[in-house]
Amino acid sequence: VTQFLNGQVKPKRMGTAHTSIVPYQSFATQDGHLVVGAGNDAQFADLCLRLGVEELAKDERYSSNVKRVENRAELLAALSKRFSQLTTDECLVKFDGASMPYGPIQDIEQVVNDPHTQHHGLIHEVQHPTAGTVRMQGPAVSYSAFEQDVHLAPPLLGQHSSDVLRDWLDVTDDELAELKRERVLT
């Protein structure tokens with residue numbers, strides 16, 4: 001957005017890649033994908049060290065972010081080759097404590113079963129009037145002074161229509177009865 005607002009430059013679509021920071025995108029591993037963002041020279045050097053490709057950090061073509069952007073294709077080919085030799089878990093172990101942001105790209109099963117999801121209590125069980133026990137995701141954010149609990153199941157069709165019309169739109173009980181007679185409401 002900044003490039004367009006300040007220079008009228010329309011960036012090309014680049015998937016998960018960043019237009020002006022390299023590397024800052026997803027990479028395929030042997031068994032999945034990982035997102036890595038080396039936003040400065042120190043983070044790039046840290047990434048290369050942890051991947052065992054220190055020669056990339058010492059290569060003049062990649063000595064600054066400007067040069068990494070200019071030589072994006074060659075650098076990404078070298079990094080992609082290295083990532084493809086490792087599993088996602090191997091990368092996560094290598095990156096533990098790293099200075100750059102990183103994380104696995106998970107499918108829905110992995111997200112639901114992730115220890116962080118479990119630790120933060122993001123999956124809730126509620127009773128639904130027709131479906132019985134229903135598992136649902138809770139709010140993705142939490143606040144220290146506010147308990148975020150999911151305690152209501154998804155409503156049945158029309159379950160709250162009368163309440164909404166009465167409480168928010170000041171529809172009278174007589175008007176609601178007429179809407180029900182006309183089968184506008186259930």
# chains A, B, ... in the order shown; residues from 1 in each chain; ligands from 1

call {"tool": "residues_around", "arguments": {"residues": "Arg50 (chain A)", "least_positions_apart": "4", "cutoff": "7 Å", "atoms": "only C-alpha atoms", "output": "ChimeraX atom specification"}}
result
/A:46,94-95

call {"tool": "write_last_selection", "arguments": {"atoms": "C-alpha atoms", "output": "JSON list (two decimals), in the first residue's frame"}}
result
[["chain", "number", "residue", "atom", "x", "y", "z"],
["A", 46, "ASP", "CA", 20.82, -15.50, 11.32],
["A", 94, "LYS", "CA", 16.86, -24.91, 13.89],
["A", 95, "PHE", "CA", 14.91, -21.64, 14.17]]

call {"tool": "residues_around", "arguments": {"residues": "Pro23 (chain A)", "least_positions_apart": "6", "cutoff": "8 Å", "atoms": "only C-alpha atoms", "output": "list of chain:residue names"}}
result
A:Ala17, A:Val36, A:Gly37, A:Ala38, A:Gly39, A:Phe44, A:Arg68, A:Arg72, A:Leu76

call {"tool": "select_by_dssp", "arguments": {"residues": "region 39-158 of chain A", "states": "helix (DSSP H, G or I)", "output": "NGL selection string"}}
result
:A and (41-51 or 54-58 or 60-62 or 65-70 or 72-83 or 88-95 or 108-113 or 115-119)

call {"tool": "atom_distance", "arguments": {"atom1": "CA of Ala45 (chain A)", "atom2": "CA of Thr88 (chain A)"}}
result
20.0 Å

call {"tool": "closest_residue", "arguments": {"among": "A:Leu56, A:Leu176, A:Leu92, A:Val150", "to": "Ala77 (chain A)", "atoms": "only C-alpha atoms"}}
result
A:Leu56

call {"tool": "residues_around", "arguments": {"residues": "Leu34 (chain A)", "least_positions_apart": "3", "cutoff": "10 Å", "atoms": "only C-alpha atoms", "output": "list in words"}}
result
Gln25, Ser26, Phe27, Ala28, Thr29, Asp31, Phe83, Thr87, Thr88, Asp89, Cys91, Leu92, Tyr102, Gly103, Pro104, Ile105 and Gln106 of chain A

call {"tool": "residues_around", "arguments": {"residues": "region 110-124 of chain A", "least_positions_apart": "4", "cutoff": "9 Å", "atoms": "only C-alpha atoms", "output": "PDB file with all heavy atoms, in the first residue's frame"}}
result
ATOM      1  N   GLN A 106       0.005 -24.436   8.581  1.00  0.00           N
ATOM      2  CA  GLN A 106      -0.686 -25.635   9.033  1.00  0.00           C
ATOM      3  C   GLN A 106      -2.013 -25.820   8.322  1.00  0.00           C
ATOM      4  O   GLN A 106      -2.667 -24.840   7.944  1.00  0.00           O
ATOM      5  CB  GLN A 106      -0.941 -25.539  10.542  1.00  0.00           C
ATOM      6  CG  GLN A 106       0.327 -25.429  11.361  1.00  0.00           C
ATOM      7  CD  GLN A 106       0.046 -25.283  12.839  1.00  0.00           C
ATOM      8  OE1 GLN A 106      -0.842 -24.531  13.233  1.00  0.00           O
ATOM      9  NE2 GLN A 106       0.797 -25.993  13.657  1.00  0.00           N
ATOM     10  N   VAL A 134     -21.605 -29.648  20.246  1.00  0.00           N
ATOM     11  CA  VAL A 134     -20.954 -29.073  19.072  1.00  0.00           C
ATOM     12  C   VAL A 134     -19.634 -28.465  19.522  1.00  0.00           C
ATOM     13  O   VAL A 134     -19.592 -27.722  20.510  1.00  0.00           O
ATOM     14  CB  VAL A 134     -21.845 -27.982  18.428  1.00  0.00           C
ATOM     15  CG1 VAL A 134     -21.142 -27.332  17.255  1.00  0.00           C
ATOM     16  CG2 VAL A 134     -23.174 -28.557  18.003  1.00  0.00           C
ATOM     17  N   ARG A 135     -18.561 -28.778  18.793  1.00  0.00           N
ATOM     18  CA  ARG A 135     -17.257 -28.162  19.057  1.00  0.00           C
ATOM     19  C   ARG A 135     -17.122 -26.942  18.160  1.00  0.00           C
ATOM     20  O   ARG A 135     -17.432 -27.001  16.971  1.00  0.00           O
ATOM     21  CB  ARG A 135     -16.136 -29.152  18.791  1.00  0.00           C
ATOM     22  CG  ARG A 135     -16.172 -30.342  19.752  1.00  0.00           C
ATOM     23  CD  ARG A 135     -15.076 -31.330  19.468  1.00  0.00           C
ATOM     24  NE  ARG A 135     -13.806 -30.744  19.886  1.00  0.00           N
ATOM     25  CZ  ARG A 135     -12.631 -31.043  19.343  1.00  0.00           C
ATOM     26  NH1 ARG A 135     -12.557 -31.913  18.360  1.00  0.00           N
ATOM     27  NH2 ARG A 135     -11.536 -30.477  19.784  1.00  0.00           N
ATOM     28  N   MET A 136     -16.648 -25.841  18.750  1.00  0.00           N
ATOM     29  CA  MET A 136     -16.509 -24.581  18.006  1.00  0.00           C
ATOM     30  C   MET A 136     -15.217 -23.892  18.394  1.00  0.00           C
ATOM     31  O   MET A 136     -14.716 -24.073  19.490  1.00  0.00           O
ATOM     32  CB  MET A 136     -17.666 -23.629  18.353  1.00  0.00           C
ATOM     33  CG  MET A 136     -19.023 -24.152  18.030  1.00  0.00           C
ATOM     34  SD  MET A 136     -20.360 -23.080  18.637  1.00  0.00           S
ATOM     35  CE  MET A 136     -19.789 -21.454  18.270  1.00  0.00           C
ATOM     36  N   GLN A 137     -14.711 -23.068  17.486  1.00  0.00           N
ATOM     37  CA  GLN A 137     -13.560 -22.257  17.817  1.00  0.00           C
ATOM     38  C   GLN A 137     -14.012 -21.040  18.603  1.00  0.00           C
ATOM     39  O   GLN A 137     -15.082 -20.502  18.373  1.00  0.00           O
ATOM     40  CB  GLN A 137     -12.769 -21.824  16.574  1.00  0.00           C
ATOM     41  CG  GLN A 137     -13.389 -20.709  15.765  1.00  0.00           C
ATOM     42  CD  GLN A 137     -14.449 -21.157  14.773  1.00  0.00           C
ATOM     43  OE1 GLN A 137     -14.854 -22.315  14.746  1.00  0.00           O
ATOM     44  NE2 GLN A 137     -14.913 -20.238  13.964  1.00  0.00           N
ATOM     45  N   GLY A 138     -13.175 -20.637  19.546  1.00  0.00           N
ATOM     46  CA  GLY A 138     -13.444 -19.430  20.310  1.00  0.00           C
ATOM     47  C   GLY A 138     -12.728 -18.245  19.691  1.00  0.00           C
ATOM     48  O   GLY A 138     -12.096 -18.370  18.628  1.00  0.00           O
ATOM     49  N   PRO A 139     -12.785 -17.095  20.337  1.00  0.00           N
ATOM     50  CA  PRO A 139     -12.082 -15.913  19.829  1.00  0.00           C
ATOM     51  C   PRO A 139     -10.577 -16.172  19.743  1.00  0.00           C
ATOM     52  O   PRO A 139      -9.993 -16.830  20.604  1.00  0.00           O
ATOM     53  CB  PRO A 139     -12.390 -14.842  20.876  1.00  0.00           C
ATOM     54  CG  PRO A 139     -13.626 -15.328  21.573  1.00  0.00           C
ATOM     55  CD  PRO A 139     -13.550 -16.819  21.545  1.00  0.00           C
ATOM     56  N   ALA A 140      -9.951 -15.666  18.708  1.00  0.00           N
ATOM     57  CA  ALA A 140      -8.522 -15.890  18.486  1.00  0.00           C
ATOM     58  C   ALA A 140      -7.650 -15.001  19.356  1.00  0.00           C
ATOM     59  O   ALA A 140      -6.450 -15.226  19.456  1.00  0.00           O
ATOM     60  CB  ALA A 140      -8.193 -15.670  17.017  1.00  0.00           C
ATOM     61  N   SER A 142      -7.134 -12.938  23.215  1.00  0.00           N
ATOM     62  CA  SER A 142      -7.585 -12.959  24.600  1.00  0.00           C
ATOM     63  C   SER A 142      -7.067 -11.714  25.307  1.00  0.00           C
ATOM     64  O   SER A 142      -6.053 -11.141  24.916  1.00  0.00           O
ATOM     65  CB  SER A 142      -7.100 -14.222  25.308  1.00  0.00           C
ATOM     66  OG  SER A 142      -5.697 -14.277  25.312  1.00  0.00           O
ATOM     67  N   ASP A 149     -15.453 -16.653  26.667  1.00  0.00           N
ATOM     68  CA  ASP A 149     -15.971 -18.008  26.660  1.00  0.00           C
ATOM     69  C   ASP A 149     -17.089 -18.107  25.634  1.00  0.00           C
ATOM     70  O   ASP A 149     -17.911 -17.205  25.510  1.00  0.00           O
ATOM     71  CB  ASP A 149     -16.493 -18.368  28.053  1.00  0.00           C
ATOM     72  CG  ASP A 149     -16.895 -19.815  28.160  1.00  0.00           C
ATOM     73  OD1 ASP A 149     -16.345 -20.638  27.404  1.00  0.00           O
ATOM     74  OD2 ASP A 149     -17.753 -20.127  28.991  1.00  0.00           O
ATOM     75  N   VAL A 150     -17.093 -19.182  24.906  1.00  0.00           N
ATOM     76  CA  VAL A 150     -18.180 -19.456  23.979  1.00  0.00           C
ATOM     77  C   VAL A 150     -19.200 -20.276  24.759  1.00  0.00           C
ATOM     78  O   VAL A 150     -18.902 -21.361  25.230  1.00  0.00           O
ATOM     79  CB  VAL A 150     -17.676 -20.253  22.755  1.00  0.00           C
ATOM     80  CG1 VAL A 150     -18.830 -20.654  21.873  1.00  0.00           C
ATOM     81  CG2 VAL A 150     -16.655 -19.440  21.984  1.00  0.00           C
ATOM     82  N   HIS A 151     -20.380 -19.725  24.950  1.00  0.00           N
ATOM     83  CA  HIS A 151     -21.383 -20.432  25.737  1.00  0.00           C
ATOM     84  C   HIS A 151     -22.699 -20.625  24.990  1.00  0.00           C
ATOM     85  O   HIS A 151     -23.610 -21.241  25.514  1.00  0.00           O
ATOM     86  CB  HIS A 151     -21.618 -19.723  27.075  1.00  0.00           C
ATOM     87  CG  HIS A 151     -21.973 -18.279  26.933  1.00  0.00           C
ATOM     88  ND1 HIS A 151     -21.023 -17.294  26.802  1.00  0.00           N
ATOM     89  CD2 HIS A 151     -23.156 -17.662  26.883  1.00  0.00           C
ATOM     90  CE1 HIS A 151     -21.627 -16.122  26.675  1.00  0.00           C
ATOM     91  NE2 HIS A 151     -22.916 -16.321  26.722  1.00  0.00           N
TER      92      HIS A 151
END

call {"tool": "closest_residue", "arguments": {"among": "A:Ala73, A:Val171, A:Ala78, A:Ala98", "to": "Glu55 (chain A)", "atoms": "only C-alpha atoms"}}
result
A:Ala78

call {"tool": "closest_residue", "arguments": {"among": "A:Gln127, A:Thr2, A:Thr19, A:Asn40", "to": "Ser64 (chain A)", "atoms": "only C-alpha atoms"}}
result
A:Asn40

call {"tool": "select_by_dssp", "arguments": {"residues": "region 50-152 of chain A", "states": "strand (DSSP E)", "output": "PyMOL selection string"}}
result
chain A and resi 102-105+123-128+132-137

call {"tool": "write_last_selection", "arguments": {"atoms": "C-alpha atoms", "output": "CSV table (one decimal), in the first residue's frame"}}
result
chain,number,residue,atom,x,y,z
A,102,TYR,CA,8.9,-17.7,11.3
A,103,GLY,CA,6.2,-20.4,11.6
A,104,PRO,CA,4.7,-23.4,9.9
A,105,ILE,CA,1.8,-23.2,7.5
A,123,ILE,CA,-11.8,-24.9,21.1
A,124,HIS,CA,-15.0,-25.0,23.0
A,125,GLU,CA,-17.9,-27.4,23.4
A,126,VAL,CA,-21.5,-26.2,23.6
A,127,GLN,CA,-24.9,-27.8,23.6
A,128,HIS,CA,-27.0,-27.3,20.5
A,132,GLY,CA,-26.2,-32.1,20.6
A,133,THR,CA,-22.6,-31.4,21.6
A,134,VAL,CA,-21.0,-29.1,19.1
A,135,ARG,CA,-17.3,-28.2,19.1
A,136,MET,CA,-16.5,-24.6,18.0
A,137,GLN,CA,-13.6,-22.3,17.8

call {"tool": "atom_distance", "arguments": {"atom1": "CA of His18 (chain A)", "atom2": "CA of Gly52 (chain A)"}}
result
23.4 Å
